[in-house]
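Structure below is input-v4.cif: mmCIF, C-alpha atoms and all ligand atoms.
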```cif
data_protein
#
loop_
_atom_site.group_PDB
_atom_site.id
_atom_site.type_symbol
_atom_site.label_atom_id
_atom_site.label_comp_id
_atom_site.auth_asym_id
_atom_site.auth_seq_id
_atom_site.Cartn_x
_atom_site.Cartn_y
_atom_site.Cartn_z
ATOM 1 C CA MET P 1 60.270 -23.722 -15.171
ATOM 2 C CA LYS P 2 60.845 -24.919 -18.693
ATOM 3 C CA ILE P 3 58.778 -27.978 -19.544
ATOM 4 C CA THR P 4 60.712 -30.250 -21.877
ATOM 5 C CA SER P 5 58.372 -33.229 -21.773
ATOM 6 C CA ALA P 6 54.705 -33.554 -20.888
ATOM 7 C CA GLU P 7 52.629 -36.677 -21.225
ATOM 8 C CA LEU P 8 49.207 -37.734 -19.994
ATOM 9 C CA ILE P 9 50.116 -41.113 -18.520
ATOM 10 C CA ILE P 10 46.781 -42.256 -17.160
ATOM 11 C CA SER P 11 43.210 -41.176 -16.588
ATOM 12 C CA ALA P 12 42.450 -43.099 -13.398
ATOM 13 C CA ALA P 13 38.890 -43.888 -12.348
ATOM 14 C CA LYS P 14 39.945 -46.192 -9.486
ATOM 15 C CA ASP P 15 42.719 -45.943 -6.943
ATOM 16 C CA HIS P 16 44.550 -49.085 -8.083
ATOM 17 C CA GLN P 17 45.209 -47.227 -11.358
ATOM 18 C CA PHE P 18 47.198 -44.435 -9.693
ATOM 19 C CA PRO P 19 50.769 -44.595 -11.014
ATOM 20 C CA GLY P 20 53.500 -45.900 -8.728
ATOM 21 C CA GLY P 21 57.006 -44.488 -8.580
ATOM 22 C CA PRO P 22 58.710 -41.955 -6.353
ATOM 23 C CA PHE P 23 57.717 -38.811 -8.278
ATOM 24 C CA PRO P 24 56.308 -35.902 -6.254
ATOM 25 C CA GLU P 25 53.034 -34.418 -7.443
ATOM 26 C CA VAL P 26 50.618 -31.519 -7.054
ATOM 27 C CA ALA P 27 46.882 -31.847 -7.622
ATOM 28 C CA LEU P 28 44.752 -29.180 -9.303
ATOM 29 C CA SER P 29 41.218 -28.650 -8.160
ATOM 30 C CA GLY P 30 38.452 -26.153 -8.866
ATOM 31 C CA ARG P 31 34.861 -25.574 -9.851
ATOM 32 C CA SER P 32 34.189 -26.578 -13.439
ATOM 33 C CA ASN P 33 34.725 -23.707 -15.890
ATOM 34 C CA VAL P 34 37.033 -21.859 -13.482
ATOM 35 C CA GLY P 35 39.873 -22.033 -16.016
ATOM 36 C CA LYS P 36 41.781 -25.091 -14.785
ATOM 37 C CA SER P 37 42.568 -26.572 -18.203
ATOM 38 C CA SER P 38 43.646 -23.152 -19.450
ATOM 39 C CA PHE P 39 45.891 -22.779 -16.389
ATOM 40 C CA ILE P 40 47.538 -26.156 -17.023
ATOM 41 C CA ASN P 41 48.015 -25.439 -20.714
ATOM 42 C CA THR P 42 49.521 -22.009 -19.945
ATOM 43 C CA LEU P 43 51.934 -23.398 -17.356
ATOM 44 C CA LEU P 44 53.056 -26.197 -19.621
ATOM 45 C CA ALA P 45 53.068 -23.911 -22.687
ATOM 46 C CA ARG P 46 51.086 -26.504 -24.592
ATOM 47 C CA LYS P 47 47.811 -25.904 -26.324
ATOM 48 C CA GLY P 48 45.147 -28.493 -25.727
ATOM 49 C CA LEU P 49 47.116 -30.953 -23.583
ATOM 50 C CA ALA P 50 44.601 -30.600 -20.788
ATOM 51 C CA ARG P 51 41.167 -30.825 -22.324
ATOM 52 C CA THR P 52 38.919 -27.901 -21.552
ATOM 53 C CA SER P 53 35.847 -28.491 -19.424
ATOM 54 C CA GLN P 54 34.947 -32.140 -18.863
ATOM 55 C CA LYS P 55 31.342 -32.600 -19.771
ATOM 56 C CA PRO P 56 28.769 -33.608 -17.155
ATOM 57 C CA GLY P 57 27.907 -37.298 -17.387
ATOM 58 C CA LYS P 58 31.376 -38.224 -18.591
ATOM 59 C CA THR P 59 33.360 -40.709 -16.475
ATOM 60 C CA GLN P 60 35.220 -38.806 -13.811
ATOM 61 C CA THR P 61 38.913 -39.484 -13.747
ATOM 62 C CA LEU P 62 42.076 -38.199 -12.125
ATOM 63 C CA ASN P 63 44.374 -37.298 -15.015
ATOM 64 C CA PHE P 64 48.053 -37.809 -14.260
ATOM 65 C CA TYR P 65 50.508 -35.769 -16.344
ATOM 66 C CA PHE P 66 54.192 -36.728 -16.136
ATOM 67 C CA LEU P 67 56.412 -33.675 -16.586
ATOM 68 C CA ASN P 68 60.140 -33.454 -17.329
ATOM 69 C CA ASP P 69 60.420 -37.105 -16.204
ATOM 70 C CA ARG P 70 60.412 -35.702 -12.665
ATOM 71 C CA PHE P 71 56.986 -34.879 -11.281
ATOM 72 C CA HIS P 72 53.246 -35.174 -11.807
ATOM 73 C CA PHE P 73 50.416 -32.714 -12.202
ATOM 74 C CA VAL P 74 47.149 -34.406 -11.265
ATOM 75 C CA ASP P 75 44.072 -32.840 -12.811
ATOM 76 C CA VAL P 76 41.094 -33.434 -10.511
ATOM 77 C CA PRO P 77 37.641 -33.174 -12.167
ATOM 78 C CA GLY P 78 35.860 -29.857 -11.680
ATOM 79 C CA TYR P 79 33.410 -29.856 -8.778
ATOM 80 C CA GLY P 80 29.976 -28.313 -8.767
ATOM 81 C CA TYR P 81 28.221 -30.568 -11.281
ATOM 82 C CA ALA P 82 24.523 -31.123 -10.733
ATOM 83 C CA LYS P 83 24.074 -33.912 -13.271
ATOM 84 C CA VAL P 84 25.800 -36.822 -11.516
ATOM 85 C CA SER P 85 23.660 -39.426 -9.693
ATOM 86 C CA LYS P 86 23.976 -39.826 -5.929
ATOM 87 C CA LYS P 87 25.487 -43.282 -6.370
ATOM 88 C CA GLU P 88 28.120 -42.013 -8.820
ATOM 89 C CA ARG P 89 28.888 -39.060 -6.577
ATOM 90 C CA GLU P 90 29.430 -41.340 -3.577
ATOM 91 C CA ALA P 91 31.652 -43.750 -5.505
ATOM 92 C CA TRP P 92 33.711 -40.867 -6.837
ATOM 93 C CA GLY P 93 33.866 -39.333 -3.337
ATOM 94 C CA ARG P 94 35.544 -42.511 -2.115
ATOM 95 C CA VAL P 95 38.189 -42.374 -4.873
ATOM 96 C CA MET P 96 38.897 -38.714 -4.059
ATOM 97 C CA GLU P 97 39.035 -39.384 -0.326
ATOM 98 C CA SER P 98 41.472 -42.210 -0.912
ATOM 99 C CA TYR P 99 43.595 -40.044 -3.192
ATOM 100 C CA PHE P 100 43.805 -37.002 -0.945
ATOM 101 C CA THR P 101 44.266 -38.936 2.306
ATOM 102 C CA HIS P 102 46.631 -41.761 1.304
ATOM 103 C CA ARG P 103 48.684 -40.575 -1.633
ATOM 104 C CA GLU P 104 52.241 -40.248 -0.344
ATOM 105 C CA GLN P 105 53.530 -38.531 -3.479
ATOM 106 C CA LEU P 106 51.024 -35.688 -3.065
ATOM 107 C CA LYS P 107 52.865 -32.579 -1.845
ATOM 108 C CA GLY P 108 50.077 -30.038 -2.079
ATOM 109 C CA VAL P 109 47.064 -28.778 -3.983
ATOM 110 C CA ILE P 110 46.491 -25.891 -6.347
ATOM 111 C CA GLN P 111 42.935 -24.739 -5.808
ATOM 112 C CA LEU P 112 41.579 -22.466 -8.518
ATOM 113 C CA VAL P 113 38.943 -19.836 -7.841
ATOM 114 C CA ASP P 114 37.514 -17.162 -10.130
ATOM 115 C CA ALA P 115 39.216 -13.875 -9.232
ATOM 116 C CA ARG P 116 36.122 -11.888 -10.193
ATOM 117 C CA HIS P 117 33.718 -13.411 -7.701
ATOM 118 C CA LYS P 118 33.476 -14.330 -4.052
ATOM 119 C CA PRO P 119 34.518 -17.958 -3.508
ATOM 120 C CA THR P 120 31.466 -20.231 -3.796
ATOM 121 C CA GLU P 121 30.175 -22.546 -1.039
ATOM 122 C CA ASP P 122 31.854 -25.413 -2.927
ATOM 123 C CA ASP P 123 35.174 -23.509 -3.006
ATOM 124 C CA ILE P 124 34.975 -22.941 0.750
ATOM 125 C CA MET P 125 34.055 -26.584 1.453
ATOM 126 C CA MET P 126 36.910 -27.837 -0.698
ATOM 127 C CA TYR P 127 39.448 -25.564 0.963
ATOM 128 C CA ASP P 128 38.251 -26.561 4.453
ATOM 129 C CA TRP P 129 38.459 -30.216 3.496
ATOM 130 C CA LEU P 130 42.013 -29.876 2.147
ATOM 131 C CA LYS P 131 43.111 -28.076 5.307
ATOM 132 C CA TYR P 132 41.400 -30.716 7.465
ATOM 133 C CA HIS P 133 43.679 -33.202 5.733
ATOM 134 C CA GLU P 134 46.629 -30.872 6.417
ATOM 135 C CA LEU P 135 47.523 -30.346 2.777
ATOM 136 C CA PRO P 136 49.400 -27.208 1.722
ATOM 137 C CA VAL P 137 47.292 -25.214 -0.740
ATOM 138 C CA ILE P 138 48.127 -22.601 -3.358
ATOM 139 C CA ILE P 139 45.111 -20.499 -4.339
ATOM 140 C CA VAL P 140 45.187 -19.466 -7.994
ATOM 141 C CA ALA P 141 42.645 -16.734 -8.759
ATOM 142 C CA THR P 142 41.901 -16.977 -12.491
ATOM 143 C CA LYS P 143 40.689 -14.544 -15.174
ATOM 144 C CA VAL P 144 42.322 -11.527 -13.525
ATOM 145 C CA ASP P 145 42.555 -9.874 -16.965
ATOM 146 C CA LYS P 146 38.830 -9.207 -16.530
ATOM 147 C CA ILE P 147 39.352 -7.030 -13.426
ATOM 148 C CA PRO P 148 40.789 -3.489 -13.488
ATOM 149 C CA LYS P 149 44.216 -3.414 -11.848
ATOM 150 C CA GLY P 150 43.135 -0.909 -9.213
ATOM 151 C CA LYS P 151 40.736 -3.516 -7.795
ATOM 152 C CA TRP P 152 43.134 -6.471 -7.627
ATOM 153 C CA ASP P 153 44.126 -5.963 -3.964
ATOM 154 C CA LYS P 154 40.504 -5.769 -2.905
ATOM 155 C CA HIS P 155 39.677 -9.027 -4.689
ATOM 156 C CA VAL P 156 42.638 -10.772 -3.070
ATOM 157 C CA SER P 157 41.607 -9.652 0.407
ATOM 158 C CA ASN P 158 38.012 -10.799 -0.213
ATOM 159 C CA ILE P 159 39.243 -14.236 -1.269
ATOM 160 C CA LYS P 160 41.427 -14.484 1.839
ATOM 161 C CA LYS P 161 38.582 -13.414 4.077
ATOM 162 C CA GLU P 162 35.917 -15.695 2.575
ATOM 163 C CA LEU P 163 38.130 -18.785 2.544
ATOM 164 C CA LYS P 164 39.582 -17.952 5.975
ATOM 165 C CA LEU P 165 42.873 -18.573 4.274
ATOM 166 C CA HIS P 166 45.725 -19.858 6.417
ATOM 167 C CA ASP P 167 48.732 -17.494 6.507
ATOM 168 C CA GLU P 168 51.055 -20.001 4.871
ATOM 169 C CA ASP P 169 48.824 -20.478 1.793
ATOM 170 C CA PRO P 170 49.538 -17.966 -1.002
ATOM 171 C CA VAL P 171 47.025 -16.368 -3.386
ATOM 172 C CA ILE P 172 48.290 -15.914 -6.935
ATOM 173 C CA LEU P 173 46.428 -13.718 -9.387
ATOM 174 C CA PHE P 174 46.508 -15.384 -12.783
ATOM 175 C CA SER P 175 45.446 -14.911 -16.382
ATOM 176 C CA SER P 176 45.738 -17.509 -19.094
ATOM 177 C CA GLU P 177 45.065 -14.715 -21.614
ATOM 178 C CA THR P 178 48.207 -12.739 -20.690
ATOM 179 C CA ALA P 179 50.160 -15.408 -18.714
ATOM 180 C CA TYR P 180 50.216 -12.958 -15.783
ATOM 181 C CA GLY P 181 51.156 -14.895 -12.626
ATOM 182 C CA LYS P 182 52.848 -17.746 -14.470
ATOM 183 C CA ASP P 183 56.322 -17.207 -12.987
ATOM 184 C CA ARG P 184 54.993 -16.825 -9.480
ATOM 185 C CA ALA P 185 52.846 -19.943 -9.884
ATOM 186 C CA TRP P 186 55.897 -21.977 -10.933
ATOM 187 C CA LYS P 187 57.894 -20.598 -8.017
ATOM 188 C CA GLU P 188 55.249 -21.690 -5.490
ATOM 189 C CA ILE P 189 54.724 -25.069 -7.180
ATOM 190 C CA THR P 190 58.476 -25.754 -7.176
ATOM 191 C CA ARG P 191 58.569 -24.892 -3.482
ATOM 192 C CA LEU P 192 55.905 -27.535 -2.812
ATOM 193 C CA LEU P 193 57.424 -30.211 -5.000
ATOM 194 C CA PHE P 194 61.149 -30.161 -4.263
HETATM 195 P P1 LIG P 201 37.923 -25.633 -16.765
HETATM 196 O O1 LIG P 201 36.532 -26.169 -16.926
HETATM 197 O O2 LIG P 201 38.169 -25.211 -15.350
HETATM 198 O O3 LIG P 201 38.996 -26.518 -17.299
HETATM 199 O O4 LIG P 201 37.953 -24.229 -17.563
HETATM 200 P P2 LIG P 201 38.565 -23.868 -19.001
HETATM 201 O O5 LIG P 201 40.046 -23.767 -18.941
HETATM 202 O O6 LIG P 201 37.949 -24.757 -20.010
HETATM 203 O O7 LIG P 201 38.012 -22.367 -19.155
HETATM 204 C C1 LIG P 201 36.630 -22.066 -19.112
HETATM 205 C C2 LIG P 201 36.372 -20.793 -19.918
HETATM 206 O O8 LIG P 201 37.027 -19.678 -19.308
HETATM 207 C C3 LIG P 201 36.914 -20.870 -21.333
HETATM 208 O O9 LIG P 201 36.018 -20.184 -22.174
HETATM 209 C C4 LIG P 201 38.248 -20.129 -21.268
HETATM 210 O O10 LIG P 201 38.633 -19.542 -22.481
HETATM 211 C C5 LIG P 201 37.946 -19.078 -20.209
HETATM 212 N N1 LIG P 201 39.149 -18.694 -19.457
HETATM 213 C C6 LIG P 201 39.958 -19.531 -18.763
HETATM 214 N N2 LIG P 201 40.964 -18.844 -18.185
HETATM 215 C C7 LIG P 201 40.803 -17.544 -18.511
HETATM 216 C C8 LIG P 201 41.527 -16.325 -18.206
HETATM 217 O O11 LIG P 201 42.549 -16.309 -17.493
HETATM 218 N N3 LIG P 201 41.032 -15.153 -18.732
HETATM 219 C C9 LIG P 201 39.902 -15.124 -19.490
HETATM 220 N N4 LIG P 201 39.497 -13.932 -19.921
HETATM 221 N N5 LIG P 201 39.206 -16.246 -19.800
HETATM 222 C C10 LIG P 201 39.642 -17.442 -19.322
#
```

Could the structure of this file be written out as structure tokens, please?
Amino acid sequence: MKITSAELIISAAKDHQFPGGPFPEVALSGRSNVGKSSFINTLLARKGLARTSQKPGKTQTLNFYFLNDRFHFVDVPGYGYAKVSKKEREAWGRVMESYFTHREQLKGVIQLVDARHKPTEDDIMMYDWLKYHELPVIIVATKVDKIPKGKWDKHVSNIKKELKLHDEDPVILFSSETAYGKDRAWKEITRLLF
């Protein structure tokens, strides 16, 4: 897909700040440092639109990007931080719960995992939680440029096995260094959105 306009419309800390309107959206979720900002910037062919790695301690927000005046990407903060207080974590948990369970515009979730490693406990918990809420998921396995090609199939089958991936959920190998996987990612995202 060619992106002709891309704008960060709001960084929402509370659910009343979520934008209205009929536009379909996909959310992007993953452990911090997995390569989520790089993925967004590669897909949108824009450098630095999505900030890389939100720092621990910073207010957690859902960042809504409005694309081609037609749909949203919603950047969900990276999970797996240690440095957030219990109270903050609980408050944020409620915002996330409300987003993922009540947001009618949400058509599915892109969950990013690191292609090099086994999915973490947090990755598995997140995937289970998304499936519990019956959301379609696209798994994007990042940093594939760091794995020799001959091992790609093996890494994909490990990811499927560890996540107990549902048959309908695709795994896309991706590299923001080479843009490998970009076309396939757009194809799957378009299928979710429209
Ligand atoms: P985020 O915290 O999930 O938003 O992760 P970032 O996009 O900030 O990426 C974290 C680090 O991984 C940065 O140093 C990136 O340059 C690097 N990185 C992200 N994607 C790739 C990739 O596909 N290949 C390689 N080799 N490095 C990547």

List the spatial neighbours of Met125 (chain P) as a PyMOL selection string - criterion: any atom at most 12 Å away, only C-alpha atoms, same-chain residues fewer than 6 positions off excluded.
chain P and resi 30-31+79-80+111+119+131-132+162-164

Any chance you could tabulate, as a Markdown table, the residues of chain P at most 8 Å from ligand LIG 201 (chain P) with each one's nearest atom pair and distance in Å to one decimal, using only C-alpha atoms and all ligand atoms, in chain and rising number order?
```
| residue | atom | partner | partner_atom | distance |
| --- | --- | --- | --- | --- |
| P:Gly30 | CA | P:LIG201 | O2 | 6.6 |
| P:Arg31 | CA | P:LIG201 | O2 | 6.4 |
| P:Ser32 | CA | P:LIG201 | O1 | 4.2 |
| P:Asn33 | CA | P:LIG201 | O1 | 3.2 |
| P:Val34 | CA | P:LIG201 | O2 | 4.0 |
| P:Gly35 | CA | P:LIG201 | O4 | 3.3 |
| P:Lys36 | CA | P:LIG201 | O2 | 3.7 |
| P:Ser37 | CA | P:LIG201 | O3 | 3.7 |
| P:Ser38 | CA | P:LIG201 | O5 | 3.7 |
| P:Phe39 | CA | P:LIG201 | O5 | 6.5 |
| P:Ala50 | CA | P:LIG201 | O3 | 7.8 |
| P:Arg51 | CA | P:LIG201 | O3 | 7.0 |
| P:Thr52 | CA | P:LIG201 | O6 | 3.6 |
| P:Ser53 | CA | P:LIG201 | O1 | 3.5 |
| P:Gln54 | CA | P:LIG201 | O1 | 6.5 |
| P:Gly78 | CA | P:LIG201 | O2 | 6.4 |
| P:Thr142 | CA | P:LIG201 | O11 | 5.1 |
| P:Lys143 | CA | P:LIG201 | O11 | 3.5 |
| P:Val144 | CA | P:LIG201 | O11 | 6.2 |
| P:Asp145 | CA | P:LIG201 | N3 | 5.8 |
| P:Lys146 | CA | P:LIG201 | N4 | 5.9 |
| P:Phe174 | CA | P:LIG201 | O11 | 6.2 |
| P:Ser175 | CA | P:LIG201 | O11 | 3.4 |
| P:Ser176 | CA | P:LIG201 | O11 | 3.8 |
| P:Glu177 | CA | P:LIG201 | N3 | 5.0 |
| P:Thr178 | CA | P:LIG201 | O11 | 7.4 |
| P:Ala179 | CA | P:LIG201 | O11 | 7.8 |
```

Identify which of the residues P:Leu106, P:Leu135, P:Leu173, P:Met96 lies closest to His72 (chain P), counting only C-alpha atoms when measuring atom-to-atom distances.
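Ranked by minimum distance to His72 (chain P), first place goes to P:Leu106.
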
Of the candidates P:Ile40, P:Ile159, P:Lys87, P:Gln105, which one gets nearest to Gly20 (chain P) if we count only C-alpha atoms?
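Using only C-alpha atoms, the shortest distance to Gly20 (chain P) belongs to P:Gln105.
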
When the PyMOL selection byres (((chain P and resi 68) around 10) and not hetatm) is applied to the structure above, which residues does it catch, written out as a PyMOL selection string?
chain P and resi 1-7+65-67+69-72

Residues matched by the PyMOL selection byres (((chain P and resi 136) around 12) and not hetatm), written as a PDB file with C-alpha atoms, keeping the file's coordinate frame:
```pdb
ATOM      1  CA  VAL P  26      50.618 -31.519  -7.054  1.00  0.00           C
ATOM      2  CA  ALA P  27      46.882 -31.847  -7.622  1.00  0.00           C
ATOM      3  CA  PHE P 100      43.805 -37.002  -0.945  1.00  0.00           C
ATOM      4  CA  LEU P 106      51.024 -35.688  -3.065  1.00  0.00           C
ATOM      5  CA  LYS P 107      52.865 -32.579  -1.845  1.00  0.00           C
ATOM      6  CA  GLY P 108      50.077 -30.038  -2.079  1.00  0.00           C
ATOM      7  CA  VAL P 109      47.064 -28.778  -3.983  1.00  0.00           C
ATOM      8  CA  ILE P 110      46.491 -25.891  -6.347  1.00  0.00           C
ATOM      9  CA  GLN P 111      42.935 -24.739  -5.808  1.00  0.00           C
ATOM     10  CA  TYR P 127      39.448 -25.564   0.963  1.00  0.00           C
ATOM     11  CA  ASP P 128      38.251 -26.561   4.453  1.00  0.00           C
ATOM     12  CA  TRP P 129      38.459 -30.216   3.496  1.00  0.00           C
ATOM     13  CA  LEU P 130      42.013 -29.876   2.147  1.00  0.00           C
ATOM     14  CA  LYS P 131      43.111 -28.076   5.307  1.00  0.00           C
ATOM     15  CA  TYR P 132      41.400 -30.716   7.465  1.00  0.00           C
ATOM     16  CA  HIS P 133      43.679 -33.202   5.733  1.00  0.00           C
ATOM     17  CA  GLU P 134      46.629 -30.872   6.417  1.00  0.00           C
ATOM     18  CA  LEU P 135      47.523 -30.346   2.777  1.00  0.00           C
ATOM     19  CA  VAL P 137      47.292 -25.214  -0.740  1.00  0.00           C
ATOM     20  CA  ILE P 138      48.127 -22.601  -3.358  1.00  0.00           C
ATOM     21  CA  ILE P 139      45.111 -20.499  -4.339  1.00  0.00           C
ATOM     22  CA  LEU P 165      42.873 -18.573   4.274  1.00  0.00           C
ATOM     23  CA  HIS P 166      45.725 -19.858   6.417  1.00  0.00           C
ATOM     24  CA  ASP P 167      48.732 -17.494   6.507  1.00  0.00           C
ATOM     25  CA  GLU P 168      51.055 -20.001   4.871  1.00  0.00           C
ATOM     26  CA  ASP P 169      48.824 -20.478   1.793  1.00  0.00           C
ATOM     27  CA  PRO P 170      49.538 -17.966  -1.002  1.00  0.00           C
ATOM     28  CA  GLU P 188      55.249 -21.690  -5.490  1.00  0.00           C
ATOM     29  CA  ILE P 189      54.724 -25.069  -7.180  1.00  0.00           C
ATOM     30  CA  ARG P 191      58.569 -24.892  -3.482  1.00  0.00           C
ATOM     31  CA  LEU P 192      55.905 -27.535  -2.812  1.00  0.00           C
ATOM     32  CA  LEU P 193      57.424 -30.211  -5.000  1.00  0.00           C
TER      33      LEU P 193
END
```

Counting all atoms listed in the file, the residue of P:Ser85, P:Val76, P:Arg103, P:Thr42 that sits nearest Gly21 (chain P)
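The answer is P:Arg103, which sits nearest to Gly21 (chain P).
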
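Note that CA of Val113 (chain P) and CA of Leu43 (chain P) are 16.5 Å apart.
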
Exactly which residues make up the result of the PyMOL selection byres (((chain P and resi 155) around 10) and not hetatm) on this file, given as number ranges by chain?
P: 115-118, 141, 144, 147, 150-154, 156-161, 173

Using the incomplete input, complete region 160-182 of chain P to the level of N, CA and C atoms; output as a PDB file, in the frame of the given file.
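Result saved to out09.pdb:
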```
ATOM      1  N   LYS P 160      40.807 -14.049   0.574  1.00  0.00           N
ATOM      2  CA  LYS P 160      41.427 -14.484   1.839  1.00  0.00           C
ATOM      3  C   LYS P 160      40.403 -14.538   2.962  1.00  0.00           C
ATOM      4  N   LYS P 161      39.565 -13.507   2.999  1.00  0.00           N
ATOM      5  CA  LYS P 161      38.582 -13.414   4.077  1.00  0.00           C
ATOM      6  C   LYS P 161      37.534 -14.529   3.957  1.00  0.00           C
ATOM      7  N   GLU P 162      36.993 -14.717   2.761  1.00  0.00           N
ATOM      8  CA  GLU P 162      35.917 -15.695   2.575  1.00  0.00           C
ATOM      9  C   GLU P 162      36.390 -17.128   2.809  1.00  0.00           C
ATOM     10  N   LEU P 163      37.614 -17.416   2.375  1.00  0.00           N
ATOM     11  CA  LEU P 163      38.130 -18.785   2.544  1.00  0.00           C
ATOM     12  C   LEU P 163      38.710 -18.995   3.948  1.00  0.00           C
ATOM     13  N   LYS P 164      38.838 -17.908   4.698  1.00  0.00           N
ATOM     14  CA  LYS P 164      39.582 -17.952   5.975  1.00  0.00           C
ATOM     15  C   LYS P 164      40.952 -18.594   5.723  1.00  0.00           C
ATOM     16  N   LEU P 165      41.624 -18.001   4.764  1.00  0.00           N
ATOM     17  CA  LEU P 165      42.873 -18.573   4.274  1.00  0.00           C
ATOM     18  C   LEU P 165      43.950 -18.606   5.355  1.00  0.00           C
ATOM     19  N   HIS P 166      44.615 -19.740   5.463  1.00  0.00           N
ATOM     20  CA  HIS P 166      45.725 -19.858   6.417  1.00  0.00           C
ATOM     21  C   HIS P 166      46.889 -18.996   5.918  1.00  0.00           C
ATOM     22  N   ASP P 167      47.653 -18.421   6.863  1.00  0.00           N
ATOM     23  CA  ASP P 167      48.732 -17.494   6.507  1.00  0.00           C
ATOM     24  C   ASP P 167      49.752 -18.087   5.542  1.00  0.00           C
ATOM     25  N   GLU P 168      49.990 -19.391   5.679  1.00  0.00           N
ATOM     26  CA  GLU P 168      51.055 -20.001   4.871  1.00  0.00           C
ATOM     27  C   GLU P 168      50.616 -20.277   3.427  1.00  0.00           C
ATOM     28  N   ASP P 169      49.321 -20.159   3.139  1.00  0.00           N
ATOM     29  CA  ASP P 169      48.824 -20.478   1.793  1.00  0.00           C
ATOM     30  C   ASP P 169      48.768 -19.212   0.922  1.00  0.00           C
ATOM     31  N   PRO P 170      49.530 -19.174  -0.172  1.00  0.00           N
ATOM     32  CA  PRO P 170      49.538 -17.966  -1.002  1.00  0.00           C
ATOM     33  C   PRO P 170      48.330 -17.853  -1.939  1.00  0.00           C
ATOM     34  N   VAL P 171      48.003 -16.617  -2.314  1.00  0.00           N
ATOM     35  CA  VAL P 171      47.025 -16.368  -3.386  1.00  0.00           C
ATOM     36  C   VAL P 171      47.788 -15.794  -4.567  1.00  0.00           C
ATOM     37  N   ILE P 172      47.617 -16.395  -5.731  1.00  0.00           N
ATOM     38  CA  ILE P 172      48.290 -15.914  -6.935  1.00  0.00           C
ATOM     39  C   ILE P 172      47.245 -15.462  -7.938  1.00  0.00           C
ATOM     40  N   LEU P 173      47.314 -14.195  -8.327  1.00  0.00           N
ATOM     41  CA  LEU P 173      46.428 -13.718  -9.387  1.00  0.00           C
ATOM     42  C   LEU P 173      46.970 -14.235 -10.715  1.00  0.00           C
ATOM     43  N   PHE P 174      46.056 -14.697 -11.569  1.00  0.00           N
ATOM     44  CA  PHE P 174      46.508 -15.384 -12.783  1.00  0.00           C
ATOM     45  C   PHE P 174      45.603 -15.056 -13.965  1.00  0.00           C
ATOM     46  N   SER P 175      46.217 -15.018 -15.139  1.00  0.00           N
ATOM     47  CA  SER P 175      45.446 -14.911 -16.382  1.00  0.00           C
ATOM     48  C   SER P 175      46.046 -15.822 -17.439  1.00  0.00           C
ATOM     49  N   SER P 176      45.229 -16.675 -18.001  1.00  0.00           N
ATOM     50  CA  SER P 176      45.738 -17.509 -19.094  1.00  0.00           C
ATOM     51  C   SER P 176      45.711 -16.733 -20.413  1.00  0.00           C
ATOM     52  N   GLU P 177      45.050 -15.574 -20.419  1.00  0.00           N
ATOM     53  CA  GLU P 177      45.065 -14.715 -21.614  1.00  0.00           C
ATOM     54  C   GLU P 177      46.418 -14.019 -21.767  1.00  0.00           C
ATOM     55  N   THR P 178      46.972 -13.537 -20.630  1.00  0.00           N
ATOM     56  CA  THR P 178      48.207 -12.739 -20.690  1.00  0.00           C
ATOM     57  C   THR P 178      49.403 -13.478 -20.088  1.00  0.00           C
ATOM     58  N   ALA P 179      49.142 -14.641 -19.451  1.00  0.00           N
ATOM     59  CA  ALA P 179      50.160 -15.408 -18.714  1.00  0.00           C
ATOM     60  C   ALA P 179      50.636 -14.656 -17.458  1.00  0.00           C
ATOM     61  N   TYR P 180      49.888 -13.630 -17.045  1.00  0.00           N
ATOM     62  CA  TYR P 180      50.216 -12.958 -15.783  1.00  0.00           C
ATOM     63  C   TYR P 180      50.147 -13.988 -14.650  1.00  0.00           C
ATOM     64  N   GLY P 181      51.159 -13.980 -13.777  1.00  0.00           N
ATOM     65  CA  GLY P 181      51.156 -14.895 -12.626  1.00  0.00           C
ATOM     66  C   GLY P 181      51.858 -16.220 -12.875  1.00  0.00           C
ATOM     67  N   LYS P 182      52.255 -16.449 -14.127  1.00  0.00           N
ATOM     68  CA  LYS P 182      52.848 -17.746 -14.470  1.00  0.00           C
ATOM     69  C   LYS P 182      54.153 -18.004 -13.701  1.00  0.00           C
TER      70      LYS P 182
END
```
